[in-house]
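Asks: Data file run-v2.txt (compact mmCIF, C-alpha atoms) is appended below.
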# COMPACT_ATOMS: atom_id res chain seq x y z
CA MET X 1 91.79 -159.51 -12.94
CA PRO X 2 93.64 -162.85 -12.36
CA TYR X 3 97.16 -163.26 -13.64
CA VAL X 4 99.09 -166.41 -14.63
CA ARG X 5 102.42 -167.64 -13.37
CA TYR X 6 104.27 -170.11 -15.59
CA ASN X 7 106.54 -172.84 -14.21
CA ASN X 8 107.66 -175.13 -17.01
CA SER X 9 104.49 -176.89 -18.16
CA LYS X 10 102.64 -176.36 -14.88
CA ILE X 11 100.32 -173.36 -14.57
CA GLU X 12 98.63 -172.03 -11.43
CA ILE X 13 96.14 -169.13 -11.34
CA ILE X 14 96.65 -166.69 -8.47
CA ASN X 15 93.99 -164.07 -7.84
CA SER X 16 95.29 -160.50 -7.83
CA VAL X 17 93.73 -159.88 -4.42
CA ASP X 18 96.08 -162.51 -2.95
CA LYS X 19 99.32 -161.00 -4.24
CA LYS X 20 100.38 -160.02 -0.73
CA ALA X 21 99.89 -163.59 0.48
CA PHE X 22 102.13 -165.06 -2.26
CA SER X 23 105.14 -166.74 -0.66
CA GLY X 24 107.24 -167.53 -3.75
CA VAL X 25 108.26 -170.70 -5.55
CA ASP X 26 108.86 -173.94 -3.66
CA LYS X 27 112.22 -175.51 -4.65
CA ALA X 28 110.93 -179.03 -4.12
CA ASP X 29 108.36 -179.15 -6.90
CA GLY X 30 108.72 -175.73 -8.50
CA LYS X 31 105.11 -174.71 -7.75
CA ALA X 32 103.98 -171.32 -6.47
CA ARG X 33 102.65 -171.35 -2.91
CA VAL X 34 99.97 -169.06 -1.47
CA ARG X 35 99.72 -168.56 2.27
CA SER X 36 96.24 -168.69 3.83
CA ALA X 37 94.93 -165.29 4.95
CA ARG X 38 94.62 -164.57 8.68
CA VAL X 39 93.62 -161.70 10.97
CA ASP X 40 96.37 -160.07 13.02
CA VAL X 41 95.64 -157.49 15.74
CA THR X 42 98.34 -155.43 17.47
CA SER X 43 97.48 -153.56 20.65
CA LEU X 44 98.80 -149.98 20.84
CA VAL X 45 99.48 -147.81 23.88
CA THR X 46 97.36 -144.64 24.07
CA ASP X 47 99.11 -141.57 25.47
CA ASN X 48 97.42 -138.78 27.38
CA CYS X 49 96.74 -135.59 25.40
CA GLU X 50 96.78 -132.18 27.03
CA ASN X 51 94.33 -129.39 26.22
CA THR X 52 94.13 -125.67 26.89
CA PRO X 53 90.77 -123.89 27.38
CA VAL X 54 90.09 -121.25 24.71
CA PRO X 55 87.84 -118.24 25.43
CA ILE X 56 84.45 -118.48 23.76
CA SER X 57 83.73 -115.58 21.45
CA ALA X 58 80.02 -114.83 21.31
CA TYR X 59 77.89 -112.10 19.83
CA GLY X 60 77.28 -110.02 22.92
CA SER X 61 75.02 -107.19 21.77
CA GLY X 62 71.30 -107.55 21.30
CA SER X 63 70.08 -109.10 18.06
CA VAL X 64 67.07 -110.70 16.40
CA ALA X 65 67.26 -114.41 15.58
CA ARG X 66 64.98 -116.66 13.54
CA VAL X 67 64.51 -119.75 15.70
CA PRO X 68 61.85 -122.44 16.11
CA VAL X 69 59.65 -121.83 19.15
CA VAL X 70 57.51 -124.48 20.84
CA LEU X 71 53.78 -124.11 20.24
CA ALA X 72 52.64 -127.31 21.90
CA GLN X 73 53.82 -130.69 23.10
CA LEU X 74 51.34 -133.53 23.14
CA THR X 75 50.94 -137.30 23.13
CA VAL X 76 48.57 -138.62 20.48
CA GLN X 77 46.83 -141.96 20.90
CA ALA X 78 46.02 -143.78 17.65
CA HIS X 79 44.44 -147.18 17.03
CA VAL X 80 45.50 -149.51 14.21
CA ASN X 81 43.88 -152.80 13.19
CA SER X 82 45.30 -154.83 10.30
CA VAL X 83 45.60 -158.35 8.88
CA VAL X 84 48.99 -159.54 7.61
CA THR X 85 49.17 -162.48 5.19
CA LEU X 86 52.47 -164.34 5.26
CA PRO X 87 53.98 -165.63 1.99
CA GLU X 88 53.93 -169.21 3.32
CA TYR X 89 52.56 -171.29 6.18
CA ALA X 90 54.16 -170.63 9.56
CA TYR X 91 54.01 -172.59 12.82
CA GLU X 92 55.22 -169.99 15.31
CA ILE X 93 56.00 -166.27 15.51
CA LYS X 94 59.53 -165.96 16.86
CA ARG X 95 59.99 -162.18 17.01
CA ILE X 96 58.42 -158.95 15.75
CA ARG X 97 60.40 -155.71 15.50
CA LYS X 98 58.59 -152.41 14.95
CA HIS X 99 59.60 -148.90 13.89
CA LEU X 100 57.26 -145.91 13.67
CA LYS X 101 57.52 -143.65 10.60
CA ILE X 102 55.74 -140.29 10.36
CA THR X 103 55.12 -138.97 6.84
CA GLN X 104 52.77 -136.05 7.57
CA CYS X 105 52.18 -133.80 10.57
CA LEU X 106 50.20 -130.79 9.42
CA LEU X 107 48.42 -128.15 11.50
CA ILE X 108 45.37 -126.58 9.85
CA GLN X 109 45.36 -123.09 11.30
CA ASP X 110 42.15 -121.37 12.36
CA THR X 111 40.86 -124.86 13.22
CA ASN X 112 43.73 -126.06 15.46
CA ILE X 113 43.34 -129.57 14.05
CA LEU X 114 46.51 -131.63 13.55
CA PHE X 115 46.60 -134.17 10.71
CA ILE X 116 48.98 -137.08 11.30
CA LYS X 117 49.87 -139.73 8.75
CA GLY X 118 52.50 -142.46 8.77
CA PHE X 119 53.13 -146.18 8.93
CA ILE X 120 54.63 -148.86 11.15
CA ARG X 121 57.42 -150.91 9.65
CA LYS X 122 57.18 -154.42 11.06
CA ASN X 123 59.68 -157.21 10.60
CA ILE X 124 58.07 -160.56 11.44
CA GLU X 125 60.27 -163.60 12.04
CA TYR X 126 58.47 -166.96 11.98
CA ALA X 127 59.25 -170.68 12.03
CA THR X 128 58.52 -172.96 9.07
CA ARG X 129 58.54 -176.75 8.70
CA SER X 130 61.10 -178.74 6.68
CA THR X 131 60.97 -182.16 8.37
CA SER X 132 58.78 -183.51 11.15
CA ASN X 133 57.48 -186.58 12.94
CA ALA X 134 55.13 -187.24 15.81
CA GLU X 135 57.70 -186.12 18.40
CA GLY X 136 58.91 -182.87 16.82
CA PHE X 137 59.70 -180.94 13.69
CA ALA X 138 62.48 -178.76 12.28
CA GLY X 139 62.58 -175.96 9.75
CA ASP X 140 63.93 -172.56 8.81
CA ILE X 141 63.44 -169.20 10.46
CA ARG X 142 62.17 -166.76 7.84
CA HIS X 143 60.96 -163.19 7.89
CA ALA X 144 58.51 -160.84 6.23
CA THR X 145 58.68 -157.04 6.36
CA VAL X 146 55.47 -155.04 5.95
CA ASP X 147 54.43 -151.37 6.20
CA ILE X 148 51.15 -150.85 8.05
CA PRO X 149 49.72 -147.37 7.34
CA PHE X 150 47.69 -145.23 9.72
CA ASN X 151 46.27 -141.71 9.79
CA CYS X 152 44.30 -139.68 12.31
CA THR X 153 43.37 -136.15 13.35
CA THR X 154 43.52 -134.57 16.80
CA PRO X 155 42.74 -131.12 18.26
CA VAL X 156 45.74 -129.19 19.62
CA THR X 157 45.91 -127.26 22.87
CA PHE X 158 48.74 -124.73 22.65
CA ASN X 159 50.52 -125.16 25.98
CA GLY X 160 53.46 -123.17 24.60
CA LEU X 161 52.99 -120.12 22.41
CA ALA X 162 50.03 -119.63 20.13
CA PRO X 163 50.98 -119.79 16.44
CA VAL X 164 51.19 -116.59 14.43
CA GLN X 165 48.07 -116.27 12.34
CA PRO X 166 48.78 -116.31 8.61
CA VAL X 167 48.68 -112.98 6.81
CA GLN X 168 46.31 -113.15 3.88
CA ASN X 169 47.26 -112.20 0.35
CA THR X 170 45.66 -109.07 -1.03
CA SER X 171 44.60 -108.07 -4.51
CA THR X 172 43.16 -104.66 -5.37
CA GLU X 173 42.18 -103.05 -8.64
CA PHE X 174 42.31 -99.39 -9.62
CA GLN X 175 41.44 -97.31 -12.69
CA TYR X 176 42.04 -93.92 -14.28
CA LEU X 177 39.55 -91.32 -15.41
CA LYS X 178 38.86 -91.31 -19.11
CA ARG X 179 37.32 -88.36 -21.02
CA GLU X 180 35.94 -88.67 -24.51
CA GLU X 181 33.58 -86.78 -26.77
CA ILE X 182 30.06 -87.99 -27.37
CA HIS X 183 28.93 -88.26 -30.97
CA HIS X 184 25.22 -88.80 -30.62
CA PRO X 185 22.21 -86.73 -31.74
CA ASP X 186 20.79 -86.66 -28.19
CA PHE X 187 23.89 -84.88 -26.78
CA SER X 188 25.25 -81.38 -27.42
CA GLU X 189 28.80 -80.55 -28.51
CA LYS X 190 29.71 -79.44 -24.97
CA ASP X 191 28.80 -82.80 -23.45
CA GLU X 192 31.54 -85.34 -22.82
CA LEU X 193 31.71 -88.84 -21.31
CA GLN X 194 33.74 -89.25 -18.09
CA SER X 195 34.26 -92.77 -16.78
CA GLY X 196 36.77 -95.45 -16.08
CA ASP X 197 38.49 -97.03 -19.06
CA LEU X 198 37.11 -100.52 -19.65
CA ARG X 199 39.94 -101.25 -22.07
CA GLU X 200 42.59 -101.37 -19.35
CA HIS X 201 43.07 -103.47 -16.20
CA ASN X 202 45.21 -102.20 -13.31
CA GLN X 203 45.90 -104.28 -10.23
CA ILE X 204 48.10 -104.44 -7.11
CA SER X 205 48.74 -107.93 -5.70
CA THR X 206 50.59 -108.67 -2.46
CA GLU X 207 51.76 -112.14 -1.37
CA PHE X 208 52.78 -113.15 2.15
CA PHE X 209 54.85 -116.26 2.70
CA ASN X 210 53.92 -117.39 6.19
CA GLU X 211 55.89 -119.77 8.39
CA LEU X 212 54.18 -123.17 8.42
CA PRO X 213 54.15 -124.96 11.82
CA PHE X 214 55.97 -128.29 11.80
CA CYS X 215 56.44 -131.30 14.08
CA ASP X 216 59.35 -133.03 15.78
CA LEU X 217 58.90 -136.68 16.70
CA ILE X 218 60.01 -137.20 20.32
CA SER X 219 59.00 -140.75 21.25
CA ALA X 220 56.61 -143.55 20.34
CA ARG X 221 55.19 -146.42 22.37
CA ILE X 222 53.33 -149.28 20.68
CA VAL X 223 51.12 -151.72 22.58
CA GLU X 224 49.93 -154.57 20.38
CA PHE X 225 48.02 -157.83 20.41
CA ASP X 226 48.74 -160.29 17.59
CA GLU X 227 46.62 -163.35 16.98
CA GLN X 228 46.80 -166.18 14.46
CA LEU X 229 43.75 -166.48 12.20
CA MET X 230 42.29 -169.96 11.56
CA PRO X 231 45.23 -172.12 12.69
CA GLU X 232 44.88 -175.65 11.33
CA PRO X 233 46.77 -178.97 11.44
CA PRO X 234 48.72 -179.81 8.26
CA ARG X 235 46.54 -181.35 5.58
CA ASP X 236 49.37 -183.12 3.78
CA LYS X 237 49.10 -186.86 4.52
CA ASN X 238 52.71 -187.51 3.48
CA TYR X 239 54.07 -186.29 6.80
CA VAL X 240 53.00 -185.99 10.43
CA THR X 241 53.68 -183.36 13.09
CA PRO X 242 53.23 -183.29 16.87
CA PHE X 243 49.53 -183.20 17.71
CA GLU X 244 49.61 -179.69 19.21
CA GLU X 245 51.36 -178.03 16.25
CA LYS X 246 49.17 -176.03 13.87
CA ARG X 247 50.03 -173.93 10.88
CA PHE X 248 48.66 -170.52 9.98
CA HIS X 249 48.84 -168.10 7.09
CA ARG X 250 47.40 -164.84 8.44
CA ILE X 251 47.91 -162.70 11.54
CA GLU X 252 45.49 -160.10 12.89
CA GLU X 253 47.22 -157.21 14.64
CA LYS X 254 45.65 -154.72 17.00
CA MET X 255 47.90 -151.83 18.01
CA VAL X 256 47.55 -148.76 20.18
CA LEU X 257 50.09 -146.04 19.38
CA PHE X 258 51.21 -143.39 21.84
CA ILE X 259 53.09 -140.77 19.80
CA THR X 260 54.70 -137.81 21.56
CA LEU X 261 55.12 -134.81 19.27
CA ARG X 262 56.48 -131.30 19.59
CA LEU X 263 54.79 -128.68 17.43
CA LEU X 264 57.03 -125.76 16.43
CA GLN X 265 57.04 -122.64 14.27
CA ASN X 266 59.93 -120.48 13.13
CA ARG X 267 59.66 -117.03 14.71
CA LEU X 268 61.75 -113.88 14.98
CA VAL X 269 62.97 -113.70 18.59
CA ALA X 270 64.76 -110.74 20.16
CA VAL X 271 67.91 -111.87 21.97
CA PRO X 272 69.06 -109.35 24.61
CA ALA X 273 72.66 -108.29 25.11
CA VAL X 274 74.90 -110.46 27.30
CA ALA X 275 77.25 -108.71 29.72
CA GLY X 276 80.91 -109.62 29.30
CA ALA X 277 80.52 -111.33 25.93
CA ALA X 278 82.65 -110.32 22.98
CA ASP X 279 81.16 -108.20 20.24
CA ASP X 280 82.33 -109.28 16.78
CA ARG X 281 80.77 -106.37 14.89
CA PRO X 282 83.22 -104.11 13.00
CA ARG X 283 83.66 -100.76 14.68
CA ARG X 284 83.96 -97.40 12.84
CA ARG X 285 87.04 -95.39 13.53
CA ILE X 286 86.43 -91.88 14.90
CA ASP X 287 89.20 -89.33 14.29
Could you spell out this file's structure in structure tokens?

Replies:
Amino acid sequence: MPYVRYNNSKIEIINSVDKKAFSGVDKADGKARVRSARVDVTSLVTDNCENTPVPISAYGSGSVARVPVVLAQLTVQAHVNSVVTLPEYAYEIKRIRKHLKITQCLLIQDTNILFIKGFIRKNIEYATRSTSNAEGFAGDIRHATVDIPFNCTTPVTFNGLAPVQPVQNTSTEFQYLKREEIHHPDFSEKDELQSGDLREHNQISTEFFNELPFCDLISARIVEFDEQLMPEPPRDKNYVTPFEEKRFHRIEEKMVLFITLRLLQNRLVAVPAVAGAADDRPRRRID
């Protein structure tokens, strides 16, 4: 918050962020002076630091670890065709930057079909017109950022390990024997009804929570062809432009995506013992 310095009837406001730049009161006119801020860099000498190697303590005995194992590694080719409408008329595309985003990579087991979904984030920089004549024109460089979605499916060849097949849930019912007397003129007193009890429901349900395969995105290559749709000379008669300049509002984009993916699944892996490694397990004392 600004504060006020009083000097007789003259008042100057000095921002609190400039307190360090305040140089005091000038004796000539009695006004407070504020120095202009500047950047000051001082070079320092860097000394050498010594280090001492420390033995690495590792778990040396055999164990079982839960780690992701590679099921397959593949390059998927996808085709994308889209039309982008700019918010205003443009005269030239200056630069387009692209970034691939994957939102879904799902393996449907028992079919070995991989579903891939995502989008391409594109930042389009283009030139606009502010002033022009028959010899040239000038304007601003503006940009538009769009997300172009895509989705595809592809069969997977497991060139690593085959995925573990999911264990199915089970649900079984059971019942107890029920005995009861029969009160009916067609049955004797020694007869009795033996059956399951319909008034009870007994069930055993078992659930298995399987490890779902997942994807790691390794690299992406995008080959594209962009073309202006219906370029036209300006229709405004109040100004002229060079004869070869045309404006456009829409761009048609054709892209071929080459996406390299690694398909993994968490598995229990037996790690054998390592000779010479330290064993951090607590040992029981034997008397």

Asks: Which one of X:Ile204, X:Val41, X:Val271, X:Leu263 sits closest to Ser171 of chain X if you count only C-alpha atoms?

Replies: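 Between X:Ile204, X:Val41, X:Val271, X:Leu263, the residue approaching Ser171 of chain X most closely is X:Ile204.
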
Asks: Given the choices X:Lys117, X:Gln168, X:Ala275, X:Pro155, which gets closest to Cys105 of chain X if the distance is worked out from only C-alpha atoms?

Replies: X:Lys117

Asks: Env of Thr128 of chain X: 9 Å cut, atoms = only C-alpha atoms, seq-sep filter 3 positions within chain, self excluded. Answer as a PyMOL selection string.

Replies: chain X and resi 88-92+138-142+247

Asks: Which residue is closest to Leu86 of chain X? Choose from X:Asn151, X:Ser132, X:Asn123, X:Gln203 and count only C-alpha atoms.

Replies: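 Of the candidates, the smallest distance to Leu86 of chain X is held by X:Asn123.
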
Asks: Which residues are close to Ile251 of chain X, i.e. within 6 Å by only C-alpha atoms, leaving aside same-chain residues fewer than 5 positions away? Reply as a ChimeraX atom specification.

Replies: /X:83-84,227-229

Asks: Around all the atoms of segment 49-64 of chain X listed in the file, draw an axis-aligned box and extend it by 8 Å on each of the six sides; I want its centre and edge lengths in Å to one decimal, as AutoDock Vina command-line options.

Replies:
--center_x 81.9 --center_y -121.4 --center_z 21.9 --size_x 45.7 --size_y 44.4 --size_z 27.0

Asks: Which residue gives the smallest distance to Lys94 of chain X among X:Pro68, X:Ile124, X:Glu245, X:Asp110, with all atoms listed in the file counted?

Replies: X:Ile124

Asks: So, counting all atoms listed in the file, which residue among X:Thr42, X:Thr241, X:Asn210, X:Asn159 is closest to Val70 of chain X?

Replies: X:Asn159

Asks: Excluding Leu268 of chain X and residues on its chain fewer than 5 positions from it, collect all residues at most 10 Å away from it, counting all atoms listed in the file, and give them as a ChimeraX atom specification.

Replies: /X:64-69

Asks: Would you output segment 186-283 of chain X from that structure, restricted to C-alpha atoms, as a CSV table (one decimal), in the first residue's frame?

Replies:
chain,number,residue,atom,x,y,z
X,186,ASP,CA,-53.4,-87.9,0.7
X,187,PHE,CA,-50.4,-88.5,2.9
X,188,SER,CA,-49.9,-90.6,6.0
X,189,GLU,CA,-48.6,-89.4,9.4
X,190,LYS,CA,-45.2,-91.1,8.7
X,191,ASP,CA,-44.7,-89.1,5.5
X,192,GLU,CA,-42.5,-85.9,5.6
X,193,LEU,CA,-41.4,-83.4,3.0
X,194,GLN,CA,-37.6,-83.2,2.4
X,195,SER,CA,-36.3,-80.4,0.2
X,196,GLY,CA,-34.3,-77.2,0.0
X,197,ASP,CA,-35.7,-74.2,1.9
X,198,LEU,CA,-37.1,-71.7,-0.6
X,199,ARG,CA,-37.3,-69.1,2.1
X,200,GLU,CA,-33.5,-68.7,2.4
X,201,HIS,CA,-30.8,-67.6,-0.1
X,202,ASN,CA,-27.2,-68.7,0.4
X,203,GLN,CA,-24.4,-67.6,-1.9
X,204,ILE,CA,-20.6,-67.4,-2.2
X,205,SER,CA,-19.2,-64.6,-4.4
X,206,THR,CA,-15.5,-64.2,-5.3
X,207,GLU,CA,-14.0,-61.1,-6.9
X,208,PHE,CA,-10.7,-60.9,-8.7
X,209,PHE,CA,-9.0,-57.5,-9.3
X,210,ASN,CA,-6.9,-58.1,-12.4
X,211,GLU,CA,-4.0,-55.9,-13.5
X,212,LEU,CA,-5.1,-53.8,-16.5
X,213,PRO,CA,-2.5,-53.3,-19.3
X,214,PHE,CA,-1.5,-49.7,-19.9
X,215,CYS,CA,0.5,-47.7,-22.4
X,216,ASP,CA,3.5,-45.5,-22.3
X,217,LEU,CA,3.9,-42.9,-25.0
X,218,ILE,CA,7.4,-43.1,-26.5
X,219,SER,CA,7.4,-40.8,-29.6
X,220,ALA,CA,5.1,-39.2,-32.2
X,221,ARG,CA,5.8,-38.1,-35.7
X,222,ILE,CA,3.2,-36.0,-37.6
X,223,VAL,CA,3.3,-35.5,-41.3
X,224,GLU,CA,0.7,-32.9,-42.5
X,225,PHE,CA,-0.5,-31.0,-45.5
X,226,ASP,CA,-2.4,-27.7,-44.9
X,227,GLU,CA,-4.2,-25.9,-47.6
X,228,GLN,CA,-6.2,-22.6,-47.6
X,229,LEU,CA,-9.9,-23.0,-48.6
X,230,MET,CA,-11.4,-20.6,-51.1
X,231,PRO,CA,-8.7,-17.8,-50.9
X,232,GLU,CA,-10.1,-14.5,-52.3
X,233,PRO,CA,-9.0,-10.9,-52.9
X,234,PRO,CA,-10.3,-8.4,-50.4
X,235,ARG,CA,-13.8,-7.2,-51.2
X,236,ASP,CA,-13.6,-3.9,-49.4
X,237,LYS,CA,-13.3,-1.1,-52.0
X,238,ASN,CA,-11.9,1.3,-49.4
X,239,TYR,CA,-8.4,-0.1,-49.6
X,240,VAL,CA,-6.2,-2.0,-52.1
X,241,THR,CA,-3.6,-4.7,-51.6
X,242,PRO,CA,-0.9,-6.1,-53.9
X,243,PHE,CA,-2.5,-8.1,-56.7
X,244,GLU,CA,-1.1,-11.5,-55.6
X,245,GLU,CA,-2.3,-11.2,-52.0
X,246,LYS,CA,-5.5,-13.1,-51.1
X,247,ARG,CA,-7.3,-13.6,-47.8
X,248,PHE,CA,-8.7,-16.8,-46.4
X,249,HIS,CA,-10.8,-17.9,-43.4
X,250,ARG,CA,-10.5,-21.7,-43.3
X,251,ILE,CA,-7.7,-24.2,-43.5
X,252,GLU,CA,-8.1,-27.9,-44.4
X,253,GLU,CA,-5.5,-30.1,-42.6
X,254,LYS,CA,-4.6,-33.6,-43.6
X,255,MET,CA,-2.3,-35.4,-41.1
X,256,VAL,CA,-0.7,-38.8,-40.8
X,257,LEU,CA,0.3,-39.7,-37.3
X,258,PHE,CA,3.0,-42.2,-36.4
X,259,ILE,CA,2.6,-43.0,-32.7
X,260,THR,CA,5.1,-45.3,-31.0
X,261,LEU,CA,3.6,-46.9,-27.9
X,262,ARG,CA,4.8,-49.4,-25.3
X,263,LEU,CA,2.2,-51.7,-23.8
X,264,LEU,CA,2.8,-52.8,-20.3
X,265,GLN,CA,1.2,-54.8,-17.4
X,266,ASN,CA,2.2,-55.0,-13.8
X,267,ARG,CA,3.4,-58.5,-12.9
X,268,LEU,CA,5.0,-60.3,-10.0
X,269,VAL,CA,8.6,-61.1,-11.0
X,270,ALA,CA,11.0,-63.3,-9.1
X,271,VAL,CA,14.3,-61.5,-8.6
X,272,PRO,CA,17.2,-63.9,-7.9
X,273,ALA,CA,19.8,-63.4,-5.2
X,274,VAL,CA,22.9,-61.2,-6.1
X,275,ALA,CA,26.3,-62.4,-4.9
X,276,GLY,CA,28.1,-59.9,-2.8
X,277,ALA,CA,25.2,-57.6,-2.1
X,278,ALA,CA,24.2,-56.6,1.4
X,279,ASP,CA,21.2,-58.2,3.0
X,280,ASP,CA,19.1,-55.7,5.0
X,281,ARG,CA,16.8,-58.3,6.5
X,282,PRO,CA,16.9,-58.5,10.4
X,283,ARG,CA,18.6,-61.7,11.6
